[in-house]
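Shown below: structure-v6.cif, with mmCIF, C-alpha atoms (C1' of nucleotides).
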```
data_entry
#
loop_
_atom_site.label_atom_id
_atom_site.label_comp_id
_atom_site.auth_asym_id
_atom_site.auth_seq_id
_atom_site.Cartn_x
_atom_site.Cartn_y
_atom_site.Cartn_z
CA MET A 16 -3.59 -5.77 0.09
CA GLN A 17 0.09 -5.71 -0.68
CA ARG A 18 1.22 -8.59 -2.79
CA THR A 19 4.03 -9.61 -0.52
CA LYS A 20 2.69 -10.90 2.78
CA PHE A 21 4.45 -9.13 5.62
CA GLY A 22 2.92 -11.22 8.36
CA GLU A 23 5.41 -14.03 8.04
CA MET A 24 8.49 -11.91 8.54
CA ALA A 25 10.23 -12.07 11.92
CA CYS A 26 9.58 -8.38 12.47
CA SER A 27 6.91 -6.79 14.60
CA ILE A 28 6.71 -3.85 12.24
CA ALA A 29 5.97 -6.10 9.29
CA ARG A 30 3.44 -8.07 11.31
CA THR A 31 1.70 -4.93 12.44
CA LEU A 32 1.60 -3.72 8.84
CA ASP A 33 -0.11 -6.97 7.94
CA VAL A 34 -2.93 -5.91 10.26
CA ILE A 35 -3.29 -2.20 9.50
CA GLY A 36 -0.81 -1.57 6.70
CA GLU A 37 -3.29 -1.64 3.88
CA PRO A 38 -4.49 1.63 2.40
CA TRP A 39 -7.38 3.15 4.37
CA SER A 40 -7.11 0.82 7.37
CA PRO A 41 -5.69 3.40 9.80
CA LEU A 42 -8.33 5.90 8.72
CA VAL A 43 -11.08 3.35 9.22
CA LEU A 44 -9.71 2.73 12.69
CA ARG A 45 -9.67 6.46 13.39
CA ASP A 46 -13.29 6.80 12.31
CA VAL A 47 -14.39 4.00 14.60
CA TYR A 48 -12.37 5.56 17.42
CA VAL A 49 -14.07 8.93 17.01
CA GLY A 50 -17.51 7.38 16.90
CA LEU A 51 -18.24 6.72 13.26
CA THR A 52 -19.02 3.07 13.75
CA ARG A 53 -21.37 2.22 10.89
CA PHE A 54 -20.66 1.26 7.32
CA GLU A 55 -22.51 4.20 5.80
CA GLN A 56 -20.92 6.69 8.20
CA ILE A 57 -17.40 5.56 7.48
CA GLN A 58 -18.01 5.34 3.76
CA ALA A 59 -19.43 8.86 3.65
CA ASP A 60 -16.73 10.31 5.87
CA LEU A 61 -13.78 8.84 4.01
CA GLY A 62 -15.15 8.67 0.50
CA ILE A 63 -13.75 5.16 0.30
CA SER A 64 -15.06 2.65 -2.22
CA ARG A 65 -17.73 0.44 -0.67
CA LYS A 66 -15.95 -2.63 -1.95
CA VAL A 67 -12.67 -1.68 -0.31
CA LEU A 68 -14.40 -0.65 2.91
CA THR A 69 -16.03 -4.08 3.10
CA GLU A 70 -12.66 -5.74 2.64
CA ARG A 71 -10.98 -3.57 5.27
CA LEU A 72 -13.70 -4.02 7.85
CA ASN A 73 -13.69 -7.78 7.36
CA HIS A 74 -9.95 -7.88 7.69
CA LEU A 75 -9.95 -5.80 10.86
CA VAL A 76 -12.63 -8.05 12.34
CA ASP A 77 -10.65 -11.15 11.34
CA GLN A 78 -7.59 -9.72 13.05
CA GLY A 79 -9.47 -9.01 16.25
CA ILE A 80 -9.19 -5.24 15.97
CA LEU A 81 -12.89 -4.57 15.53
CA GLU A 82 -15.97 -6.43 16.63
CA ARG A 83 -19.00 -6.48 14.35
CA ARG A 84 -22.18 -6.28 16.37
CA PRO A 85 -25.83 -5.84 15.44
CA TYR A 86 -27.55 -2.72 16.70
CA ASP A 87 -31.06 -3.37 15.39
CA ARG A 88 -33.48 -6.19 14.72
CA ARG A 89 -32.93 -5.42 11.07
CA PRO A 90 -29.58 -6.57 9.65
CA ARG A 91 -27.68 -3.48 10.81
CA PHE A 92 -24.20 -3.62 12.25
CA GLU A 93 -21.76 -1.39 13.98
CA TYR A 94 -18.07 -1.88 14.48
CA VAL A 95 -16.50 -1.37 17.87
CA LEU A 96 -12.89 -1.46 18.98
CA THR A 97 -11.67 -4.50 20.87
CA GLU A 98 -8.96 -4.15 23.50
CA LYS A 99 -6.43 -5.12 20.84
CA GLY A 100 -7.85 -2.44 18.58
CA THR A 101 -7.96 0.20 21.28
CA GLU A 102 -4.28 -0.31 21.95
CA LEU A 103 -3.64 0.12 18.27
CA VAL A 104 -5.11 3.60 18.53
CA ASP A 105 -1.95 4.51 20.43
CA LEU A 106 -0.21 4.18 17.12
CA LEU A 107 -2.61 6.69 15.60
CA MET A 108 -1.92 9.12 18.41
CA VAL A 109 1.78 8.96 17.67
CA MET A 110 1.06 9.47 13.96
CA VAL A 111 -0.99 12.50 14.88
CA GLY A 112 1.85 13.84 17.01
CA TRP A 113 4.34 13.53 14.20
CA GLY A 114 1.94 14.84 11.56
CA ASP A 115 1.01 17.81 13.70
CA ARG A 116 4.67 18.65 14.22
CA TRP A 117 5.96 18.17 10.68
CA LEU A 118 3.02 18.47 8.32
CA ALA A 119 0.33 20.70 9.82
CA GLY A 120 1.87 23.91 8.53
CA ALA A 121 0.74 27.38 9.46
CA ALA A 122 -2.89 26.38 9.95
CA GLY A 123 -1.96 24.33 12.99
CA PRO A 124 -3.22 20.89 13.97
CA PRO A 125 -6.75 19.98 12.89
CA VAL A 126 -7.54 18.17 16.13
CA LEU A 127 -6.42 18.76 19.71
CA TYR A 128 -6.19 16.21 22.49
CA ARG A 129 -7.19 17.14 26.02
CA HIS A 130 -5.74 14.78 28.58
CA HIS A 131 -8.21 13.65 31.21
CA ALA A 132 -5.64 13.35 33.97
CA CYS A 133 -4.39 16.94 33.80
CA GLY A 134 -7.10 18.65 31.76
CA GLN A 135 -4.54 20.20 29.43
CA VAL A 136 -4.38 20.14 25.67
CA SER A 137 -1.29 18.04 25.15
CA SER A 138 0.36 15.43 22.99
CA VAL A 139 1.94 12.04 23.53
CA ASP A 140 5.56 11.58 24.47
CA LEU A 141 7.45 8.31 24.31
CA ARG A 142 8.90 7.18 27.62
CA CYS A 143 10.72 4.10 28.78
CA ALA A 144 8.24 1.72 30.40
CA HIS A 145 10.97 0.81 32.89
CA CYS A 146 12.55 4.07 34.05
CA GLY A 147 10.18 6.70 32.70
CA GLU A 148 12.85 8.70 30.92
CA PRO A 149 12.36 9.72 27.26
CA MET A 150 12.87 6.83 24.86
CA HIS A 151 13.33 7.69 21.21
CA ALA A 152 15.08 6.28 18.18
CA GLY A 153 18.54 7.31 19.31
CA ASP A 154 18.11 6.25 22.93
CA VAL A 155 18.18 2.50 22.48
CA ASP A 156 20.39 -0.38 21.40
CA LEU A 157 18.81 -3.21 19.45
CA LEU A 158 19.42 -6.77 20.59
CA PRO A 159 18.20 -10.04 19.10
CA GLY A 160 15.18 -11.31 21.02
CA PRO A 161 13.86 -14.82 21.64
CA GLY A 162 11.72 -14.74 18.49
CA ALA A 163 14.57 -13.65 16.25
CA ALA A 164 15.01 -15.38 12.92
CA ILE A 165 17.91 -17.85 12.91
CA MET B 23 0.80 4.67 -4.00
CA GLN B 24 -2.84 4.66 -3.09
CA ARG B 25 -5.12 6.14 -5.69
CA THR B 26 -6.83 8.51 -3.35
CA LYS B 27 -4.39 11.13 -2.11
CA PHE B 28 -4.57 11.36 1.66
CA GLY B 29 -2.29 14.37 1.97
CA GLU B 30 -5.03 16.86 1.31
CA MET B 31 -7.30 15.71 4.10
CA ALA B 32 -7.46 17.84 7.26
CA CYS B 33 -6.16 14.95 9.31
CA SER B 34 -2.66 14.36 10.58
CA ILE B 35 -3.11 10.63 10.28
CA ALA B 36 -3.97 10.92 6.60
CA ARG B 37 -1.09 13.31 6.02
CA THR B 38 1.34 11.02 7.76
CA LEU B 39 0.07 8.12 5.68
CA ASP B 40 0.81 10.18 2.61
CA VAL B 41 4.46 10.13 3.69
CA ILE B 42 4.93 6.55 4.91
CA GLY B 43 1.60 4.88 4.21
CA GLU B 44 2.61 3.17 1.04
CA PRO B 45 3.46 -0.52 1.13
CA TRP B 46 7.08 -1.15 2.18
CA SER B 47 7.83 2.42 3.30
CA PRO B 48 7.91 1.68 7.03
CA LEU B 49 10.12 -1.34 6.43
CA VAL B 50 12.49 0.73 4.29
CA LEU B 51 12.65 3.24 7.13
CA ARG B 52 13.39 0.47 9.61
CA ASP B 53 16.20 -0.86 7.46
CA VAL B 54 17.82 2.55 7.22
CA TYR B 55 17.41 2.96 10.97
CA VAL B 56 19.17 -0.32 11.72
CA GLY B 57 22.04 0.50 9.39
CA LEU B 58 21.04 -0.95 6.02
CA THR B 59 21.50 2.28 4.14
CA ARG B 60 22.27 1.22 0.58
CA PHE B 61 19.99 0.25 -2.25
CA GLU B 62 21.37 -3.26 -2.62
CA GLN B 63 21.29 -3.90 1.11
CA ILE B 64 17.69 -2.87 1.49
CA GLN B 65 16.62 -4.70 -1.63
CA ALA B 66 18.30 -7.91 -0.49
CA ASP B 67 17.00 -7.63 3.08
CA LEU B 68 13.38 -6.99 2.18
CA GLY B 69 13.10 -8.84 -1.10
CA ILE B 70 11.32 -5.79 -2.47
CA SER B 71 11.08 -5.17 -6.19
CA ARG B 72 13.85 -2.82 -7.35
CA LYS B 73 11.33 -0.67 -9.12
CA VAL B 74 9.23 -0.20 -6.03
CA LEU B 75 12.29 0.39 -3.85
CA THR B 76 13.40 3.16 -6.20
CA GLU B 77 9.97 4.77 -5.96
CA ARG B 78 9.85 4.52 -2.17
CA LEU B 79 13.34 5.89 -1.66
CA ASN B 80 12.65 8.82 -3.99
CA HIS B 81 9.42 9.57 -2.20
CA LEU B 82 11.03 9.44 1.23
CA VAL B 83 13.79 11.75 0.00
CA ASP B 84 11.21 14.12 -1.51
CA GLN B 85 9.36 14.20 1.79
CA GLY B 86 12.50 15.03 3.73
CA ILE B 87 12.59 11.72 5.61
CA LEU B 88 15.80 10.46 4.07
CA GLU B 89 18.81 12.18 2.61
CA ARG B 90 20.56 10.64 -0.37
CA ARG B 91 24.30 11.10 -0.12
CA PRO B 92 27.24 9.76 -2.13
CA TYR B 93 29.73 7.58 -0.30
CA ASP B 94 32.22 6.96 -3.08
CA ARG B 95 33.81 8.62 -6.09
CA ARG B 96 31.80 6.15 -8.12
CA PRO B 97 28.09 6.84 -8.36
CA ARG B 98 27.24 5.13 -5.10
CA PHE B 99 24.71 6.44 -2.64
CA GLU B 100 23.51 5.79 0.84
CA TYR B 101 20.36 6.96 2.50
CA VAL B 102 20.45 8.50 5.95
CA LEU B 103 17.67 9.62 8.25
CA THR B 104 17.00 13.32 8.58
CA GLU B 105 15.72 14.76 11.87
CA LYS B 106 12.20 14.52 10.45
CA GLY B 107 12.86 10.90 9.56
CA THR B 108 14.41 10.06 12.90
CA GLU B 109 11.33 11.32 14.70
CA LEU B 110 9.26 9.12 12.45
CA VAL B 111 11.13 6.12 13.83
CA ASP B 112 9.19 6.75 17.07
CA LEU B 113 6.20 5.52 15.16
CA LEU B 114 8.04 2.32 14.32
CA MET B 115 8.91 1.81 17.99
CA VAL B 116 5.25 2.03 18.90
CA MET B 117 4.40 -0.41 16.11
CA VAL B 118 7.00 -2.77 17.52
CA GLY B 119 5.52 -2.42 20.99
CA TRP B 120 2.06 -3.29 19.77
CA GLY B 121 3.26 -6.08 17.49
CA ASP B 122 5.39 -7.60 20.26
CA ARG B 123 2.42 -7.58 22.61
CA TRP B 124 -0.28 -8.85 20.27
CA LEU B 125 1.39 -10.72 17.44
CA ALA B 126 4.72 -12.16 18.59
CA GLY B 127 3.19 -15.34 19.98
CA ALA B 128 5.03 -17.92 21.99
CA ALA B 129 8.36 -17.28 20.30
CA GLY B 130 8.57 -13.84 21.87
CA PRO B 131 9.67 -10.60 20.28
CA PRO B 132 12.25 -10.84 17.51
CA VAL B 133 14.11 -7.73 18.63
CA LEU B 134 14.70 -6.23 22.08
CA TYR B 135 15.36 -2.61 22.91
CA ARG B 136 17.86 -1.69 25.59
CA HIS B 137 17.32 1.83 26.87
CA HIS B 138 20.53 3.83 27.20
CA ALA B 139 19.34 5.85 30.18
CA CYS B 140 18.61 2.88 32.45
CA GLY B 141 20.39 0.04 30.70
CA GLN B 142 17.30 -2.16 30.84
CA VAL B 143 15.56 -4.03 28.08
CA SER B 144 12.30 -2.14 27.89
CA SER B 145 9.58 -0.84 25.61
CA VAL B 146 7.98 2.49 24.93
CA ASP B 147 5.06 3.81 26.91
CA LEU B 148 2.89 6.75 25.89
CA ARG B 149 2.83 9.60 28.35
CA CYS B 150 1.30 13.04 28.38
CA ALA B 151 3.91 15.59 27.31
CA HIS B 152 2.39 17.98 29.83
CA CYS B 153 1.89 16.04 33.05
CA GLY B 154 3.77 12.81 32.42
CA GLU B 155 0.89 10.52 33.26
CA PRO B 156 -0.10 7.70 30.89
CA MET B 157 -1.93 8.94 27.82
CA HIS B 158 -3.77 6.38 25.76
CA ALA B 159 -6.80 6.22 23.51
CA GLY B 160 -9.31 6.36 26.33
CA ASP B 161 -7.52 9.08 28.29
CA VAL B 162 -8.27 12.03 26.02
CA ASP B 163 -11.07 14.17 24.66
CA LEU B 164 -10.84 15.35 21.07
CA LEU B 165 -11.35 19.04 20.33
CA PRO B 166 -11.32 20.87 17.00
CA GLY B 167 -7.95 22.56 16.48
CA PRO B 168 -6.94 25.68 14.57
CA GLY B 169 -6.34 23.72 11.34
CA ALA B 170 -9.72 21.96 11.47
CA ALA B 171 -11.73 21.75 8.29
CA ILE B 172 -14.61 24.22 8.17
"C1'" DA C 20 -47.94 -4.04 -1.96
"C1'" DG C 21 -44.66 -0.77 -2.42
"C1'" DC C 22 -41.07 2.22 -0.51
"C1'" DT C 23 -37.01 3.11 2.22
"C1'" DG C 24 -32.40 2.79 4.14
"C1'" DA C 25 -28.40 0.20 5.82
"C1'" DA C 26 -25.13 -2.92 4.41
"C1'" DG C 27 -23.13 -5.04 1.46
"C1'" DT C 28 -22.01 -7.50 -3.65
"C1'" DT C 29 -20.97 -7.50 -8.55
"C1'" DC C 30 -18.84 -5.85 -12.50
"C1'" DC C 31 -15.70 -3.25 -15.24
"C1'" DT C 32 -11.77 -0.21 -15.85
"C1'" DT C 33 -7.45 1.64 -14.56
"C1'" DC C 34 -3.27 1.77 -12.41
"C1'" DA C 35 0.29 0.08 -8.91
"C1'" DG C 36 3.23 -3.98 -7.41
"C1'" DG C 37 6.16 -8.18 -8.76
"C1'" DG C 38 9.77 -9.84 -11.27
"C1'" DA C 39 13.16 -10.37 -14.62
"C1'" DA C 40 16.12 -8.33 -17.89
"C1'" DC C 41 18.65 -4.57 -19.23
"C1'" DC C 42 21.58 -0.15 -18.83
"C1'" DC C 43 25.03 3.18 -17.08
"C1'" DT C 44 29.04 4.56 -14.62
"C1'" DG C 45 33.41 4.35 -12.62
"C1'" DA C 46 36.86 1.15 -10.64
"C1'" DT C 47 39.75 -3.02 -11.04
"C1'" DT C 48 42.06 -6.81 -13.38
"C1'" DG C 49 44.61 -9.43 -17.16
"C1'" DC D 19 43.71 -0.96 -23.06
"C1'" DA D 20 39.86 -4.18 -23.32
"C1'" DA D 21 37.17 -6.97 -20.37
"C1'" DT D 22 35.01 -7.52 -16.19
"C1'" DC D 23 32.64 -6.22 -12.02
"C1'" DA D 24 29.44 -4.10 -8.82
"C1'" DG D 25 26.21 -0.64 -7.25
"C1'" DG D 26 22.31 1.68 -8.44
"C1'" DG D 27 19.06 2.11 -10.88
"C1'" DT D 28 15.44 1.78 -15.47
"C1'" DT D 29 12.38 -0.69 -18.65
"C1'" DC D 30 9.19 -4.06 -19.79
"C1'" DC D 31 5.25 -7.00 -19.29
"C1'" DC D 32 1.85 -9.34 -16.37
"C1'" DT D 33 -1.18 -9.72 -12.60
"C1'" DG D 34 -4.06 -8.12 -9.15
"C1'" DA D 35 -5.89 -4.42 -6.15
"C1'" DA D 36 -8.40 0.25 -5.94
"C1'" DG D 37 -12.21 3.26 -7.88
"C1'" DG D 38 -16.69 3.69 -8.97
"C1'" DA D 39 -21.26 2.86 -10.27
"C1'" DA D 40 -25.04 -0.21 -10.40
"C1'" DC D 41 -27.36 -3.85 -8.32
"C1'" DT D 42 -29.08 -6.87 -4.33
"C1'" DT D 43 -30.97 -8.16 0.11
"C1'" DC D 44 -33.37 -7.73 4.21
"C1'" DA D 45 -36.44 -5.87 7.64
"C1'" DG D 46 -39.46 -2.25 8.91
"C1'" DC D 47 -42.64 1.47 7.63
"C1'" DT D 48 -46.88 3.52 5.09
#
```
Rendering of file as structure tokens:
Amino acid sequence: MQRTKFGEMACSIARTLDVIGEPWSPLVLRDVYVGLTRFEQIQADLGISRKVLTERLNHLVDQGILERRPYDRRPRFEYVLTEKGTELVDLLMVMVGWGDRWLAGAAGPPVLYRHHACGQVSSVDLRCAHCGEPMHAGDVDLLPGPGAAI
Amino acid sequence: MQRTKFGEMACSIARTLDVIGEPWSPLVLRDVYVGLTRFEQIQADLGISRKVLTERLNHLVDQGILERRPYDRRPRFEYVLTEKGTELVDLLMVMVGWGDRWLAGAAGPPVLYRHHACGQVSSVDLRCAHCGEPMHAGDVDLLPGPGAAI
DNA sequence: AGCTGAAGTTCCTTCAGGGAACCCTGATTG
DNA sequence: CAATCAGGGTTCCCTGAAGGAACTTCAGCT
């Protein structure tokens, strides 16, 4: 956990970082998304310290990103994405898109995404929710919103 | 910097985290994006330790996200986004979208985005780069890519 | 009764973040 | 021309988080 708490800033980036900004959290989320839903699976896959994994899972559950549910009569639990958490996976898809483009190098991307709707291997593109045209960093003006700091 | 180096994993999420996963880095990027391009401006805006800000700026420059350029005959520098860095701002826009939806609360979003193309206050939506239909976490299958680990 | 495996918990060490003070360089001012 | 100023760091110490290994707990199995 970062020392400075980002969650209190009037900034949706800072608030989002308060939820998944800690080291390992996005990778834990990815593991759950791809079907590694149990403590031992995630720990083995990532090589993360068990102590830190416990902290991250608890935090993600507290934030409503994951749900901890028993899967056995023994005390065994799996973690599943909530709706809030599933929507956060969008963020991972954009990270993948950028990483594939700028960091994958000659070997190419490690994972491909096949889109159900068209059946093609593709990647995400950012579009305006209103008009459907591309919407990137240079395509917008910033305005103060209702929740802006005074 | 996290102890475990993510950059060597065969995962674009981990590699991207190696670039902007450290505490404060996304907020530094946001500041540069909104026009706070100088050391003192960023430090005052975020309240970040000067030591850590120095480390983050150097790292972002090393990674090709920011360019450090003099703006005076005195030793004064400003940081500007490279193309690589500008595309990373897409990630911030998606973070804002999620944070606005799930964390803004009754006060509403602190910042609004007006899209140049349509003039409307809007938000980003993830679409398939191939067919243009919505593309979210549940809309894709994952396949091993050429750069997959063996 | 003893063993096993999942899911943590505890403990110790090391290193990164916070914060304040200090330094360096080239203007600008008296 | 010396003193001051401001931006952009650097240095120092302290605290607290990450790594890692060992230990614990609980239910089922043999």
Fit chain B to chain A: least squares, all C-alpha atoms, paired in order; write the output as a CSV table (one decimal) with C-alpha atoms, in the frame of the given file.
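Result went into selection18.csv, see below:
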```csv
chain,number,residue,atom,x,y,z
B,23,MET,CA,-3.6,-5.8,0.2
B,24,GLN,CA,0.1,-5.8,-0.7
B,25,ARG,CA,1.2,-8.6,-2.8
B,26,THR,CA,4.0,-9.6,-0.6
B,27,LYS,CA,2.7,-10.9,2.8
B,28,PHE,CA,4.5,-9.2,5.6
B,29,GLY,CA,3.0,-11.2,8.4
B,30,GLU,CA,5.5,-14.0,8.0
B,31,MET,CA,8.5,-11.9,8.5
B,32,ALA,CA,10.3,-12.1,11.9
B,33,CYS,CA,9.6,-8.4,12.5
B,34,SER,CA,6.9,-6.8,14.6
B,35,ILE,CA,6.7,-3.9,12.2
B,36,ALA,CA,6.0,-6.1,9.3
B,37,ARG,CA,3.5,-8.1,11.3
B,38,THR,CA,1.7,-4.9,12.4
B,39,LEU,CA,1.6,-3.7,8.9
B,40,ASP,CA,-0.1,-7.0,8.0
B,41,VAL,CA,-2.9,-5.9,10.3
B,42,ILE,CA,-3.3,-2.2,9.5
B,43,GLY,CA,-0.8,-1.6,6.7
B,44,GLU,CA,-3.3,-1.7,3.9
B,45,PRO,CA,-4.5,1.6,2.4
B,46,TRP,CA,-7.4,3.1,4.4
B,47,SER,CA,-7.1,0.8,7.4
B,48,PRO,CA,-5.7,3.4,9.8
B,49,LEU,CA,-8.3,5.9,8.7
B,50,VAL,CA,-11.1,3.3,9.2
B,51,LEU,CA,-9.7,2.7,12.7
B,52,ARG,CA,-9.7,6.4,13.4
B,53,ASP,CA,-13.3,6.8,12.3
B,54,VAL,CA,-14.4,4.0,14.6
B,55,TYR,CA,-12.4,5.5,17.4
B,56,VAL,CA,-14.1,8.9,17.0
B,57,GLY,CA,-17.5,7.4,16.9
B,58,LEU,CA,-18.2,6.7,13.3
B,59,THR,CA,-19.0,3.1,13.7
B,60,ARG,CA,-21.4,2.2,10.9
B,61,PHE,CA,-20.6,1.3,7.3
B,62,GLU,CA,-22.5,4.2,5.8
B,63,GLN,CA,-20.9,6.7,8.2
B,64,ILE,CA,-17.4,5.6,7.5
B,65,GLN,CA,-18.0,5.3,3.8
B,66,ALA,CA,-19.4,8.9,3.6
B,67,ASP,CA,-16.7,10.3,5.9
B,68,LEU,CA,-13.7,8.9,4.0
B,69,GLY,CA,-15.1,8.7,0.5
B,70,ILE,CA,-13.7,5.2,0.3
B,71,SER,CA,-15.0,2.7,-2.2
B,72,ARG,CA,-17.7,0.4,-0.7
B,73,LYS,CA,-15.9,-2.6,-1.9
B,74,VAL,CA,-12.6,-1.7,-0.3
B,75,LEU,CA,-14.4,-0.7,2.9
B,76,THR,CA,-16.0,-4.1,3.1
B,77,GLU,CA,-12.6,-5.7,2.7
B,78,ARG,CA,-10.9,-3.6,5.3
B,79,LEU,CA,-13.7,-4.0,7.9
B,80,ASN,CA,-13.7,-7.8,7.4
B,81,HIS,CA,-9.9,-7.9,7.7
B,82,LEU,CA,-9.9,-5.8,10.9
B,83,VAL,CA,-12.6,-8.0,12.3
B,84,ASP,CA,-10.7,-11.2,11.4
B,85,GLN,CA,-7.6,-9.7,13.1
B,86,GLY,CA,-9.5,-9.0,16.3
B,87,ILE,CA,-9.2,-5.2,16.0
B,88,LEU,CA,-12.9,-4.6,15.5
B,89,GLU,CA,-16.0,-6.4,16.6
B,90,ARG,CA,-19.0,-6.5,14.4
B,91,ARG,CA,-22.2,-6.2,16.4
B,92,PRO,CA,-25.9,-5.8,15.4
B,93,TYR,CA,-27.6,-2.7,16.7
B,94,ASP,CA,-31.1,-3.3,15.4
B,95,ARG,CA,-33.6,-6.1,14.7
B,96,ARG,CA,-32.9,-5.3,11.0
B,97,PRO,CA,-29.6,-6.5,9.6
B,98,ARG,CA,-27.7,-3.4,10.8
B,99,PHE,CA,-24.2,-3.6,12.2
B,100,GLU,CA,-21.8,-1.4,14.0
B,101,TYR,CA,-18.1,-1.9,14.5
B,102,VAL,CA,-16.5,-1.4,17.9
B,103,LEU,CA,-12.9,-1.5,19.0
B,104,THR,CA,-11.7,-4.5,20.9
B,105,GLU,CA,-9.0,-4.2,23.5
B,106,LYS,CA,-6.4,-5.1,20.9
B,107,GLY,CA,-7.9,-2.5,18.6
B,108,THR,CA,-8.0,0.2,21.3
B,109,GLU,CA,-4.3,-0.3,22.0
B,110,LEU,CA,-3.7,0.1,18.3
B,111,VAL,CA,-5.1,3.6,18.5
B,112,ASP,CA,-1.9,4.5,20.4
B,113,LEU,CA,-0.2,4.2,17.1
B,114,LEU,CA,-2.6,6.7,15.6
B,115,MET,CA,-1.9,9.1,18.4
B,116,VAL,CA,1.8,8.9,17.7
B,117,MET,CA,1.0,9.4,14.0
B,118,VAL,CA,-1.0,12.5,14.9
B,119,GLY,CA,1.8,13.8,17.0
B,120,TRP,CA,4.3,13.5,14.2
B,121,GLY,CA,1.9,14.8,11.6
B,122,ASP,CA,1.0,17.8,13.7
B,123,ARG,CA,4.6,18.6,14.2
B,124,TRP,CA,5.9,18.1,10.7
B,125,LEU,CA,3.0,18.5,8.3
B,126,ALA,CA,0.3,20.7,9.8
B,127,GLY,CA,1.8,23.9,8.6
B,128,ALA,CA,0.7,27.4,9.5
B,129,ALA,CA,-2.9,26.4,10.0
B,130,GLY,CA,-2.0,24.3,13.0
B,131,PRO,CA,-3.2,20.9,14.0
B,132,PRO,CA,-6.8,20.0,12.9
B,133,VAL,CA,-7.5,18.2,16.1
B,134,LEU,CA,-6.4,18.8,19.7
B,135,TYR,CA,-6.2,16.2,22.5
B,136,ARG,CA,-7.2,17.2,26.0
B,137,HIS,CA,-5.7,14.8,28.6
B,138,HIS,CA,-8.2,13.7,31.2
B,139,ALA,CA,-5.6,13.4,34.0
B,140,CYS,CA,-4.4,17.0,33.8
B,141,GLY,CA,-7.1,18.7,31.8
B,142,GLN,CA,-4.5,20.2,29.4
B,143,VAL,CA,-4.4,20.1,25.7
B,144,SER,CA,-1.3,18.0,25.1
B,145,SER,CA,0.3,15.4,23.0
B,146,VAL,CA,1.9,12.0,23.5
B,147,ASP,CA,5.5,11.6,24.5
B,148,LEU,CA,7.4,8.3,24.3
B,149,ARG,CA,8.9,7.2,27.6
B,150,CYS,CA,10.7,4.1,28.8
B,151,ALA,CA,8.3,1.7,30.4
B,152,HIS,CA,11.0,0.8,32.9
B,153,CYS,CA,12.5,4.1,34.0
B,154,GLY,CA,10.2,6.7,32.7
B,155,GLU,CA,12.8,8.7,30.9
B,156,PRO,CA,12.4,9.7,27.2
B,157,MET,CA,12.9,6.9,24.8
B,158,HIS,CA,13.3,7.7,21.2
B,159,ALA,CA,15.1,6.3,18.2
B,160,GLY,CA,18.5,7.3,19.3
B,161,ASP,CA,18.1,6.3,22.9
B,162,VAL,CA,18.2,2.5,22.4
B,163,ASP,CA,20.4,-0.3,21.4
B,164,LEU,CA,18.8,-3.2,19.4
B,165,LEU,CA,19.4,-6.7,20.6
B,166,PRO,CA,18.2,-10.0,19.1
B,167,GLY,CA,15.2,-11.3,21.0
B,168,PRO,CA,13.9,-14.8,21.6
B,169,GLY,CA,11.7,-14.8,18.5
B,170,ALA,CA,14.6,-13.6,16.2
B,171,ALA,CA,15.0,-15.4,12.9
B,172,ILE,CA,17.9,-17.9,12.9
```
To test your reading of the syntax: which residues would the PyMOL selection byres ((chain C) within 10 of (chain B)) return for the file shown? Reply as a PDB file with C-alpha atoms (C1' of nucleotides), in the frame of the given file.
```
ATOM      1  C1'  DC C  34      -3.270   1.770 -12.410  1.00  0.00           C
ATOM      2  C1'  DA C  35       0.290   0.080  -8.910  1.00  0.00           C
ATOM      3  C1'  DG C  36       3.230  -3.980  -7.410  1.00  0.00           C
ATOM      4  C1'  DG C  37       6.160  -8.180  -8.760  1.00  0.00           C
ATOM      5  C1'  DG C  38       9.770  -9.840 -11.270  1.00  0.00           C
ATOM      6  C1'  DC C  43      25.030   3.180 -17.080  1.00  0.00           C
ATOM      7  C1'  DT C  44      29.040   4.560 -14.620  1.00  0.00           C
ATOM      8  C1'  DG C  45      33.410   4.350 -12.620  1.00  0.00           C
ATOM      9  C1'  DA C  46      36.860   1.150 -10.640  1.00  0.00           C
TER      10       DA C  46
END
```
- Message: Suppose a student applies the PyMOL selection byres ((chain D) within 12 of (chain A)) to this structure; what residues should they get, written as a ChimeraX atom specification?
- Response: /D:33-39,43-46
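Atom CA of Thr59 of chain B is found 5.1 Å from atom CA of Tyr101 of chain B.
We find atom CA of Ser47 of chain B and atom CA of Glu23 of chain A to be spaced 17.3 Å apart.
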- Name every residue that the PyMOL selection byres ((chain A and resi 93) around 10) selects in this structure, writing the answer as number ranges by chain with chains first and numbers rising. A: 47, 51-56, 81-87, 91-92, 94-95
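The coordinates place atom C1' of DT28 of chain D at 23.5 Å from atom CA of Ile87 of chain B.
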Calculate, to one decimal in Å, the centre and edge lengths of the box along x, y and z of the file that holds all listed atoms of segment 29-46 of chain D with 8 Å of margin on each side, and present them as AutoDock Vina command-line options.
```
--center_x -13.5 --center_y -3.0 --center_z -5.4 --size_x 67.8 --size_y 29.4 --size_z 44.7
```
- Tell me which protein, DNA and RNA residues are within 12 Å of DC42 of chain C, counting all atoms listed in the file, leaving out same-chain ones fewer than 6 positions away, and put them as a PyMOL selection string. chain D and resi 26-29
Selection file, C-alpha atoms (C1' of nucleotides), as a short mmCIF file (atom, residue, chain, number, x, y, z; two decimals), keeping the file's coordinate frame:
```cif
data_model
loop_
_atom_site.label_atom_id
_atom_site.label_comp_id
_atom_site.auth_asym_id
_atom_site.auth_seq_id
_atom_site.Cartn_x
_atom_site.Cartn_y
_atom_site.Cartn_z
"C1'" DG D 26 22.31 1.68 -8.44
"C1'" DG D 27 19.06 2.11 -10.88
"C1'" DT D 28 15.44 1.78 -15.47
"C1'" DT D 29 12.38 -0.69 -18.65
#
```
